[in-house]
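Asks: Hey, dropping start35.cif in here, mmCIF, C-alpha atoms and all ligand atoms:
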data_upload
#
loop_
_atom_site.label_atom_id
_atom_site.label_comp_id
_atom_site.auth_asym_id
_atom_site.auth_seq_id
_atom_site.Cartn_x
_atom_site.Cartn_y
_atom_site.Cartn_z
CA MET G 1 0.00 0.00 0.00
CA ILE G 2 2.83 2.34 0.82
CA LYS G 3 4.40 1.77 -2.54
CA GLN G 4 1.09 2.42 -4.24
CA LYS G 5 0.82 5.67 -2.35
CA LYS G 6 4.25 6.70 -3.54
CA ILE G 7 3.33 5.88 -7.11
CA THR G 8 0.20 7.96 -6.78
CA SER G 9 2.25 10.81 -5.43
CA LEU G 10 4.67 10.56 -8.29
CA PHE G 11 1.97 10.78 -10.93
CA PHE G 12 0.31 13.56 -9.00
CA ALA G 13 3.60 15.42 -9.25
CA ILE G 14 3.94 14.60 -12.95
CA SER G 15 0.50 15.93 -13.67
CA LEU G 16 1.39 19.19 -11.99
CA THR G 17 4.43 19.76 -14.13
CA ALA G 18 2.88 18.39 -17.30
CA CYS G 19 2.16 20.36 -20.42
CA SER G 20 4.36 23.29 -19.60
CA SER G 21 5.93 25.29 -22.34
CA GLN G 22 8.73 22.82 -22.82
CA PHE G 23 7.56 21.66 -26.22
CA GLN G 24 6.57 24.99 -27.68
CA GLY G 25 7.41 25.59 -31.31
CA ALA G 26 10.37 24.03 -32.98
CA GLN G 27 12.53 24.61 -29.95
CA TRP G 28 11.68 21.42 -28.24
CA ASP G 29 13.58 21.32 -25.02
CA SER G 30 13.41 18.19 -22.97
CA GLY G 31 15.04 19.82 -19.99
CA ILE G 32 13.31 19.12 -16.74
CA PRO G 33 11.28 22.19 -15.87
CA SER G 34 11.77 23.64 -12.46
CA THR G 35 8.90 23.62 -10.02
CA GLN G 36 8.77 27.38 -10.48
CA GLU G 37 7.07 26.69 -13.76
CA SER G 38 4.19 25.13 -11.86
CA PRO G 39 3.22 27.76 -9.31
CA ILE G 40 -0.26 26.26 -9.10
CA GLU G 41 1.11 23.41 -7.04
CA GLU G 42 0.31 25.11 -3.76
CA GLU G 43 -2.98 26.53 -4.87
CA ILE G 44 -4.57 23.20 -5.63
CA LEU G 45 -3.69 21.47 -2.39
CA PRO G 46 -6.89 20.08 -0.94
CA ILE G 47 -8.18 21.84 2.14
CA GLY G 48 -8.79 19.84 5.30
CA GLN G 49 -11.81 20.20 7.59
CA ASP G 50 -9.90 22.57 9.83
CA GLY G 51 -9.25 24.85 6.87
CA THR G 52 -5.57 24.13 6.48
CA PRO G 53 -4.17 22.64 3.29
CA ILE G 54 -3.57 18.91 3.34
CA GLN G 55 0.03 18.30 2.43
CA ALA G 56 0.66 15.70 -0.23
CA ASP G 57 3.22 13.04 0.54
CA PRO G 58 6.74 14.20 -0.24
CA ILE G 59 7.86 12.94 -3.63
CA ASP G 60 10.06 9.91 -3.30
CA HIS G 61 12.75 10.58 -5.88
CA SER G 62 14.46 7.25 -5.25
CA PHE G 63 11.42 5.69 -6.88
CA GLU G 64 12.20 7.47 -10.14
CA SER G 65 15.59 5.86 -10.43
CA LEU G 66 14.21 2.42 -9.68
CA VAL G 67 11.54 2.41 -12.33
CA GLU G 68 12.00 2.49 -16.06
CA THR G 69 10.63 5.80 -17.13
CA PHE G 70 10.83 5.46 -20.88
CA PHE G 71 7.09 6.19 -21.02
CA ALA G 72 5.51 7.64 -17.90
CA ILE G 73 2.43 5.55 -17.22
CA ASN G 74 -0.52 6.20 -14.97
CA ARG G 75 -1.50 2.66 -14.00
CA THR G 76 -5.01 3.48 -12.94
CA LEU G 77 -7.01 1.20 -15.21
CA VAL G 78 -9.51 2.96 -17.43
CA ARG G 79 -12.37 0.99 -18.96
CA LEU G 80 -12.51 1.32 -22.73
CA ALA G 81 -15.07 -0.19 -25.13
CA HIS G 82 -13.27 -3.55 -25.51
CA ASP G 83 -10.55 -3.63 -22.88
CA PHE G 84 -9.00 -1.81 -19.97
CA SER G 85 -6.15 0.61 -20.42
CA TYR G 86 -3.42 2.55 -18.70
CA THR G 87 -2.72 6.14 -19.64
CA TRP G 88 0.56 7.30 -21.14
CA GLN G 89 1.43 10.67 -19.64
CA GLY G 90 2.88 12.21 -22.78
CA CYS G 91 3.89 15.43 -21.06
CA SER G 92 6.04 13.86 -18.37
CA SER G 93 9.30 15.73 -17.99
CA ILE G 94 11.10 12.87 -16.27
CA ALA G 95 10.28 10.21 -18.87
CA LEU G 96 12.70 9.52 -21.70
CA VAL G 97 9.86 9.40 -24.19
CA SER G 98 7.23 12.09 -24.38
CA GLY G 99 4.79 12.98 -27.11
CA GLY G 100 1.60 14.51 -28.32
CA TYR G 101 -1.27 14.19 -30.71
CA ASP G 102 -0.81 15.52 -34.25
CA SER G 103 1.27 18.46 -33.17
CA ASP G 104 4.84 19.61 -33.23
CA SER G 105 4.46 21.63 -30.12
CA LYS G 106 1.94 20.16 -27.69
CA CYS G 107 2.33 17.13 -25.53
CA GLY G 108 -0.62 15.09 -24.34
CA ASN G 109 -1.85 11.78 -23.01
CA ALA G 110 -2.83 8.60 -24.82
CA PHE G 111 -4.30 5.24 -23.83
CA PHE G 112 -1.99 2.21 -23.74
CA GLN G 113 -3.52 -1.21 -23.11
CA PRO G 114 -1.31 -2.90 -20.47
CA LEU G 115 0.33 -5.43 -22.81
CA PHE G 116 0.98 -2.72 -25.39
CA GLU G 117 2.38 -0.51 -22.63
CA LYS G 118 4.74 -3.27 -21.54
CA GLN G 119 5.98 -3.78 -25.08
CA MET G 120 6.46 -0.05 -25.54
CA ASN G 121 8.34 0.37 -22.30
CA TYR G 122 10.53 -2.67 -22.93
CA TYR G 123 11.40 -2.21 -26.56
CA PHE G 124 10.48 1.16 -28.07
CA PHE G 125 13.56 3.03 -26.89
CA GLN G 126 15.75 0.03 -27.62
CA CYS G 127 14.50 -0.13 -31.21
CA VAL G 128 14.99 3.61 -31.65
CA GLU G 129 18.57 3.17 -30.44
CA ARG G 130 19.15 0.33 -32.87
CA ALA G 131 17.66 2.31 -35.74
CA SER G 132 19.76 5.34 -34.81
CA LEU G 133 22.94 3.27 -34.84
CA GLN G 134 22.05 1.76 -38.20
CA ALA G 135 21.38 5.22 -39.61
CA LYS G 136 24.64 6.53 -38.10
CA LEU G 137 22.81 8.99 -35.88
CA SER G 138 23.71 9.82 -32.31
CA ILE G 139 22.04 7.64 -29.70
CA PRO G 140 19.13 9.76 -28.49
CA LYS G 141 18.97 10.95 -24.94
CA LYS G 142 15.26 11.65 -25.15
CA ILE G 143 12.51 11.23 -27.71
CA PHE G 144 9.40 13.24 -28.50
CA ILE G 145 6.81 11.44 -30.63
CA ASN G 146 4.35 13.28 -32.82
CA HIS G 147 1.44 10.89 -33.26
CA TYR G 148 -2.13 10.52 -34.51
CA GLY G 149 -3.35 8.84 -31.37
CA SER G 150 -3.78 5.40 -29.89
CA TYR G 151 -7.33 4.57 -28.82
CA ASN G 152 -10.12 4.76 -31.36
CA ASP G 153 -13.05 2.35 -31.23
CA ARG G 154 -13.35 1.59 -34.92
CA ALA G 155 -12.90 -1.14 -37.48
CA ALA G 156 -9.60 -1.53 -39.28
CA ARG G 157 -9.99 0.50 -42.43
CA GLY G 158 -11.39 -1.55 -45.27
CA THR G 159 -12.29 -4.52 -43.03
CA ASN G 160 -15.00 -5.73 -40.69
CA ARG G 161 -12.63 -6.58 -37.85
CA LEU G 162 -11.81 -4.20 -35.07
CA SER G 163 -8.66 -2.15 -35.42
CA LEU G 164 -6.01 -2.61 -32.76
CA HIS G 165 -6.76 1.04 -32.01
CA ALA G 166 -10.11 -0.17 -30.65
CA TYR G 167 -8.12 -1.98 -27.95
CA ALA G 168 -5.58 0.84 -27.40
CA ARG G 169 -2.92 -1.53 -28.67
CA ALA G 170 -1.58 0.75 -31.41
CA LEU G 171 -0.01 4.16 -31.80
CA ASP G 172 0.18 6.00 -35.13
CA ILE G 173 3.62 7.60 -35.22
CA VAL G 174 4.11 10.64 -37.43
CA ASN G 175 7.61 11.75 -36.41
CA PHE G 176 10.34 10.59 -34.10
CA ASN G 177 12.13 13.65 -32.71
CA LEU G 178 15.45 12.47 -31.36
CA LEU G 179 17.28 14.67 -28.90
CA ASP G 180 20.96 13.86 -28.59
CA GLU G 181 23.19 14.65 -25.66
CA THR G 182 24.33 17.92 -27.20
CA GLY G 183 20.71 19.11 -27.38
CA ARG G 184 20.40 18.73 -31.13
CA ILE G 185 17.09 17.37 -32.44
CA THR G 186 16.92 15.06 -35.40
CA ARG G 187 13.46 14.57 -36.81
CA ILE G 188 12.68 11.26 -38.46
CA SER G 189 9.54 11.63 -40.52
CA THR G 190 7.45 8.59 -41.39
CA ASN G 191 5.92 10.29 -44.42
CA VAL G 192 6.52 8.50 -47.71
CA ARG G 193 7.84 11.77 -49.16
CA ASN G 194 10.82 11.52 -46.83
CA TYR G 195 11.52 7.84 -47.31
CA ARG G 196 15.12 8.08 -48.45
CA GLY G 197 18.65 8.28 -47.05
CA THR G 198 19.04 8.34 -43.30
CA THR G 199 15.29 8.45 -42.72
CA LYS G 200 14.75 5.33 -44.81
CA ILE G 201 17.47 3.44 -42.96
CA PHE G 202 16.02 4.44 -39.59
CA TYR G 203 12.44 3.64 -40.68
CA ASP G 204 13.27 0.16 -41.92
CA GLU G 205 15.55 -0.76 -39.02
CA PHE G 206 13.07 0.44 -36.42
CA ARG G 207 10.24 -1.62 -37.89
CA GLN G 208 12.49 -4.68 -38.27
CA CYS G 209 13.55 -4.39 -34.63
CA TRP G 210 9.95 -4.01 -33.46
CA LYS G 211 8.92 -7.07 -35.48
CA GLU G 212 11.67 -9.13 -33.87
CA LYS G 213 10.33 -8.20 -30.44
CA MET G 214 6.90 -9.65 -31.17
CA PRO G 215 6.21 -12.88 -29.27
CA ALA G 216 6.75 -16.24 -30.97
CA SER G 217 2.98 -16.72 -30.84
CA CYS G 218 2.73 -14.10 -33.60
CA THR G 219 3.25 -16.15 -36.75
CA PRO G 220 2.70 -15.06 -40.35
CA ASN G 221 -0.90 -16.27 -40.38
CA GLN G 222 -1.79 -13.89 -37.54
CA THR G 223 -3.17 -10.40 -38.01
CA GLU G 224 -0.53 -7.70 -37.63
CA TYR G 225 2.09 -10.24 -36.61
CA LYS G 226 4.81 -7.83 -37.81
CA GLY G 227 3.81 -5.28 -35.18
CA SER G 228 3.61 -2.39 -37.62
CA ILE G 229 2.10 -1.21 -40.87
CA GLY G 230 3.96 1.26 -43.02
CA ILE G 231 4.41 2.19 -46.64
CA PRO G 232 4.09 -0.41 -49.43
CA GLN G 233 7.62 0.06 -50.77
CA SER G 234 9.31 -0.66 -47.42
CA PRO G 235 10.74 -4.15 -46.79
CA LEU G 236 8.08 -4.99 -44.20
CA GLY G 237 5.38 -3.61 -46.46
CA GLY G 238 2.17 -1.79 -45.80
CA ASN G 239 -0.37 0.15 -47.78
CA ASN G 240 -1.10 3.66 -48.96
CA LEU G 241 -3.29 4.33 -45.92
CA HIS G 242 -0.03 4.49 -44.01
CA ASN G 243 1.84 6.93 -46.22
CA ASP G 244 2.04 9.51 -43.47
CA HIS G 245 2.53 7.45 -40.33
CA ILE G 246 3.73 4.12 -38.95
CA HIS G 247 0.96 2.14 -37.28
CA LEU G 248 2.88 0.58 -34.39
CA SER G 249 0.97 -2.13 -32.56
CA TYR G 250 0.97 -5.10 -30.26
CA ALA G 251 -1.16 -7.69 -31.99
CA LEU G 252 -3.78 -9.87 -30.30
CA CYS G 253 -1.57 -12.88 -31.06
CA GLY G 254 0.81 -11.50 -28.43
CA GLY G 255 -1.63 -12.27 -25.65
ZN ZN R 301 -3.04 3.00 -36.79
#
Could you render the structure as structure tokens?
Replies:
Amino acid sequence: MIKQKKITSLFFAISLTACSSQFQGAQWDSGIPSTQESPIEEEILPIGQDGTPIQADPIDHSFESLVETFFAINRTLVRLAHDFSYTWQGCSSIALVSGGYDSDSKCGNAFFQPLFEKQMNYYFFQCVERASLQAKLSIPKKIFINHYGSYNDRAARGTNRLSLHAYARALDIVNFNLLDETGRITRISTNVRNYRGTTKIFYDEFRQCWKEKMPASCTPNQTEYKGSIGIPQSPLGGNNLHNDHIHLSYALCGG
């Protein structure tokens, strides 16, 4: 129970510092904002019956170093149409991966079904590192993802079956913004127009890596067993519906 309380406190703290100006414009800065950027912290403390503010538990910073914070996850389960889901806190300033919906400048949250979340936290950063090495880019220190969202209760386009978005098991990635240790940002677009050179090498290696991380239960006769859908001319294939994003998923065959 104590640990759970600490986790709650951590995410409470994250939510207070979330969505600051750190991602404004093209000058994405992944630096950890100071608490001075969140002056509302004191104002929203709940008030006790005697009229004095109730102090939140002090933040346990040792917890942060013990837990993988590639994606900051709020593990309060949310009921969706076909499954339960965690929430990816896309604005977290302590996570190594942040992101936002269809925007170069705004961070935001997205639903991650627990198995998809696990796969993302285990392998996403690792696959970005591998793709960066292959493309002869610096290993990123942090990543900001521009995306088209995760949860959407709809059928897969052109089919009668539910999309993996209906289960919050997919994220449509528009750009990978890679921040290296010198502060430089390299943007990897997933748009077919940019599928050449370094971007092409990164794109193909990232998808190949992600495919290799799919469980052995995902065999070629299973839907989305490759773990992603991209452009038709890429080695792992795709279709023209994915000319402006990579559909990154964790298929039902994975469990
Ligand atoms: Zn998609």
Asks: Please identify every polymer residue within 7 Å of ligand ZN 301 (chain R), using only C-alpha atoms and all ligand atoms, and present the set as a compact mmCIF listing (two decimals) with C-alpha atoms, keeping the file's coordinate frame.
Replies:
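In the end it all went to result_8.txt:
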# COMPACT_ATOMS: atom_id res chain seq x y z
CA HIS G 165 -6.76 1.04 -32.01
CA ALA G 170 -1.58 0.75 -31.41
CA LEU G 171 -0.01 4.16 -31.80
CA ASP G 172 0.18 6.00 -35.13
CA HIS G 247 0.96 2.14 -37.28
CA LEU G 248 2.88 0.58 -34.39
Asks: List every residue of region 111-185 of chain G that has an atom at most 9 Å from any atom of region 71-75 of chain G, and for each one report the closest atom pair and its distance in Å to one decimal, counting all atoms listed in the file, with rows sorted by chain and then by increasing residue number, as a tab-separated table.
Replies:
residue	atom	partner	partner_atom	distance
G:Phe112	CA	G:Ile73	CA	8.6
G:Pro114	CA	G:Arg75	CA	8.5
G:Glu117	CA	G:Ile73	CA	8.1
G:Met120	CA	G:Phe71	CA	7.7
G:Asn121	CA	G:Phe71	CA	6.1
Asks: Have a look at G:Ile201, G:Lys213, G:Val174, G:Glu181 and name the one nearest to Asp244 (chain G); count only C-alpha atoms.
Replies: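 Looking at the shortest contact to Asp244 (chain G), the residue is G:Val174.
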Asks: So, with only C-alpha atoms as the atoms that count, which of G:Asn175, G:Asn221, G:Thr159, G:Ser249 lies closest to Asn194 (chain G)?
Replies: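 The shortest atom-to-atom distance to Asn194 (chain G) comes from G:Asn175.
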Asks: Mind pulling up the distance from CA of Thr69 (chain G) to CA of Val97 (chain G)?
Replies: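 If I compute the distance from CA of Val97 (chain G) to CA of Thr69 (chain G), I get 8.0 Å.
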Asks: Write out as a ChimeraX atom specification which residues come within 7 Å of Ser98 (chain G) when counting all atoms listed in the file, dropping same-chain ones fewer than 3 positions away.
Replies: /G:71,90-92,95,143-145
Asks: Nearest to Ala155 (chain G): which of G:Tyr203, G:Arg130, G:Pro235, G:Tyr167 is it, counting only C-alpha atoms?
Replies: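 Using only C-alpha atoms, Ala155 (chain G) sits closest to G:Tyr167.
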Asks: From the set G:His245, G:Lys142, G:Phe70, G:Gln233, which residue has the shortest atom-to-atom contact distance to Arg196 (chain G), counting only C-alpha atoms?
Replies: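 Answer, going by the shortest atom-to-atom distance: G:Gln233.
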Asks: Using only C-alpha atoms, which of the listed residues (G:Gln113, G:Asn177, G:Asn191, G:Ser105) sits closest to Arg79 (chain G)?
Replies: G:Gln113
